[in-house]
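Remarks on the structure that follows.
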Amino acid sequence: MTHEMVSTLRPLLAAEASAEGLASGTEPCDLEQAVWLRLLERLDSDGPPADPQGWLRRAVRSEVRRTRRTARYERPYVREPADESGPDPEQQVMTADSRRALHDAVRRLPGRCPGLMAALLSPKDLTYREIAGELGISQGSLGPERSRCLGCLRRLLSPVVAAHAPRG
């Protein structure tokens with residue numbers, strides 16, 4: 001491709017790309033770039049076109065048809081592929097590790113505490129009345145028992161929590 005060919009085709013390509021691009025919803029500069037690339041590929045394989053202006057017009061229209069076909073099959077994502085609204089994998093692992101440590105500590109609690117804490121941590125979201133009925137204790141003693149169990153749980157978890165706390 002010679003400098004003379006580029007300088008004579010540039011205004012025509014800009015005008016054609018602008019007209020066709022705006023009519024089809026394609027960016028004119030993207031269209032220009034695609035046609036320049038197509039011309040370079042043609043020069044490598046077949047040499048320069050016999051009628052450069054006619055070839056250029058056909059190439060612009062061909063690129064517009066190609067982009068329309070492509071746009072017809074492309075669908076936007078419902079959400080971004082790298083959606084960062086949820087926790088990242090590292091955070092998920094850390095949360096799972098914390099839950100595992102909590103449930104391990106609950107199993108090591110003395111007396112009725114493991115059953116009570118398991119009921120309080122249950123995904124069923126049980127009420128005090130349901131927990132009291134399940135454990136066979138009065139609903140009034142559930143609060144004080146819960147406080148004692150939480151105190152024991154704090155003592156069990158304090159070395160684990162202190163070991164994972166960031167320093168500095």
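Chain labels follow the order of the structure tokens: the first chain is A, the next B, and so on; residue numbering restarts at 1 in every chain, and ligands are counted from 1 in their shown order.
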
Helix (DSSP H, G or I) residues, from DSSP on the backbone, in chain A, as an NGL selection string: :A and (3-24 or 28-45 or 52-73 or 89-107 or 113-121 or 128-135 or 139-164)

Would you kindly return, as an mmCIF file with all heavy atoms, in the first residue's frame, each protein, DNA or RNA residue with an atom no farther than 7 Å from any atom of region 103-114 of chain A, considering only C-alpha atoms and excluding same-chain residues fewer than 3 positions away?
```cif
data_model
loop_
_atom_site.group_PDB
_atom_site.id
_atom_site.type_symbol
_atom_site.label_atom_id
_atom_site.label_comp_id
_atom_site.auth_asym_id
_atom_site.auth_seq_id
_atom_site.Cartn_x
_atom_site.Cartn_y
_atom_site.Cartn_z
ATOM 1 N N ARG A 99 -17.150 -20.687 60.256
ATOM 2 C CA ARG A 99 -18.320 -21.477 60.653
ATOM 3 C C ARG A 99 -17.904 -22.838 61.193
ATOM 4 O O ARG A 99 -18.458 -23.334 62.171
ATOM 5 C CB ARG A 99 -19.257 -21.661 59.456
ATOM 6 C CG ARG A 99 -20.103 -20.473 59.181
ATOM 7 C CD ARG A 99 -21.239 -20.818 58.225
ATOM 8 N NE ARG A 99 -21.954 -19.606 57.901
ATOM 9 C CZ ARG A 99 -22.095 -19.122 56.682
ATOM 10 N NH1 ARG A 99 -21.590 -19.773 55.656
ATOM 11 N NH2 ARG A 99 -22.746 -18.006 56.473
ATOM 12 N N ARG A 100 -16.933 -23.454 60.533
ATOM 13 C CA ARG A 100 -16.444 -24.762 60.976
ATOM 14 C C ARG A 100 -15.857 -24.658 62.384
ATOM 15 O O ARG A 100 -16.133 -25.490 63.245
ATOM 16 C CB ARG A 100 -15.398 -25.269 59.978
ATOM 17 C CG ARG A 100 -15.325 -26.749 59.849
ATOM 18 C CD ARG A 100 -14.413 -27.254 58.742
ATOM 19 N NE ARG A 100 -13.656 -26.309 57.955
ATOM 20 C CZ ARG A 100 -14.036 -25.800 56.769
ATOM 21 N NH1 ARG A 100 -15.189 -26.156 56.254
ATOM 22 N NH2 ARG A 100 -13.267 -24.956 56.115
ATOM 23 N N MET A 117 -26.987 -24.302 71.734
ATOM 24 C CA MET A 117 -26.322 -23.467 70.733
ATOM 25 C C MET A 117 -26.608 -23.967 69.315
ATOM 26 O O MET A 117 -26.778 -23.176 68.388
ATOM 27 C CB MET A 117 -24.813 -23.419 70.983
ATOM 28 C CG MET A 117 -24.433 -22.741 72.294
ATOM 29 S SD MET A 117 -25.185 -21.116 72.533
ATOM 30 C CE MET A 117 -24.408 -20.183 71.268
ATOM 31 N N ALA A 118 -26.685 -25.289 69.149
ATOM 32 C CA ALA A 118 -27.019 -25.838 67.831
ATOM 33 C C ALA A 118 -28.420 -25.393 67.416
ATOM 34 O O ALA A 118 -28.663 -25.059 66.254
ATOM 35 C CB ALA A 118 -26.914 -27.354 67.840
ATOM 36 N N CYS A 149 -23.890 -20.368 78.236
ATOM 37 C CA CYS A 149 -23.298 -21.082 77.093
ATOM 38 C C CYS A 149 -22.473 -20.144 76.214
ATOM 39 O O CYS A 149 -21.396 -20.519 75.734
ATOM 40 C CB CYS A 149 -24.392 -21.742 76.256
ATOM 41 S SG CYS A 149 -25.231 -23.094 77.114
ATOM 42 N N CYS A 152 -19.140 -19.565 77.868
ATOM 43 C CA CYS A 152 -18.246 -20.713 77.633
ATOM 44 C C CYS A 152 -17.719 -20.698 76.203
ATOM 45 O O CYS A 152 -16.533 -20.960 75.957
ATOM 46 C CB CYS A 152 -18.995 -22.025 77.877
ATOM 47 S SG CYS A 152 -19.348 -22.360 79.605
ATOM 48 N N LEU A 153 -18.593 -20.384 75.268
ATOM 49 C CA LEU A 153 -18.202 -20.355 73.857
ATOM 50 C C LEU A 153 -17.152 -19.270 73.602
ATOM 51 O O LEU A 153 -16.183 -19.492 72.879
ATOM 52 C CB LEU A 153 -19.444 -20.133 72.981
ATOM 53 C CG LEU A 153 -19.253 -20.236 71.480
ATOM 54 C CD1 LEU A 153 -18.774 -21.624 71.096
ATOM 55 C CD2 LEU A 153 -20.563 -19.927 70.762
ATOM 56 N N LEU A 156 -13.851 -20.549 74.738
ATOM 57 C CA LEU A 156 -13.310 -21.549 73.815
ATOM 58 C C LEU A 156 -12.778 -20.914 72.527
ATOM 59 O O LEU A 156 -11.769 -21.356 71.981
ATOM 60 C CB LEU A 156 -14.391 -22.570 73.437
ATOM 61 C CG LEU A 156 -14.654 -23.695 74.410
ATOM 62 C CD1 LEU A 156 -15.826 -24.547 73.932
ATOM 63 C CD2 LEU A 156 -13.426 -24.565 74.566
ATOM 64 N N LEU A 157 -13.464 -19.893 72.077
ATOM 65 C CA LEU A 157 -13.095 -19.280 70.791
ATOM 66 C C LEU A 157 -12.042 -18.184 70.916
ATOM 67 O O LEU A 157 -11.444 -17.806 69.912
ATOM 68 C CB LEU A 157 -14.336 -18.696 70.097
ATOM 69 C CG LEU A 157 -15.311 -19.699 69.510
ATOM 70 C CD1 LEU A 157 -16.519 -18.990 68.942
ATOM 71 C CD2 LEU A 157 -14.646 -20.543 68.437
#
```

Spatial neighbours of region 30-34 of chain A, max dist 10 Å, only C-alpha atoms, sep filter under 4 positions, as an NGL selection string: :A and (10 or 13-18 or 20-21 or 26 or 38-40 or 59-61 or 63-64 or 67)

d(CA of Ala23 (chain A), CA of Ala71 (chain A)) in Å: 14.4 Å
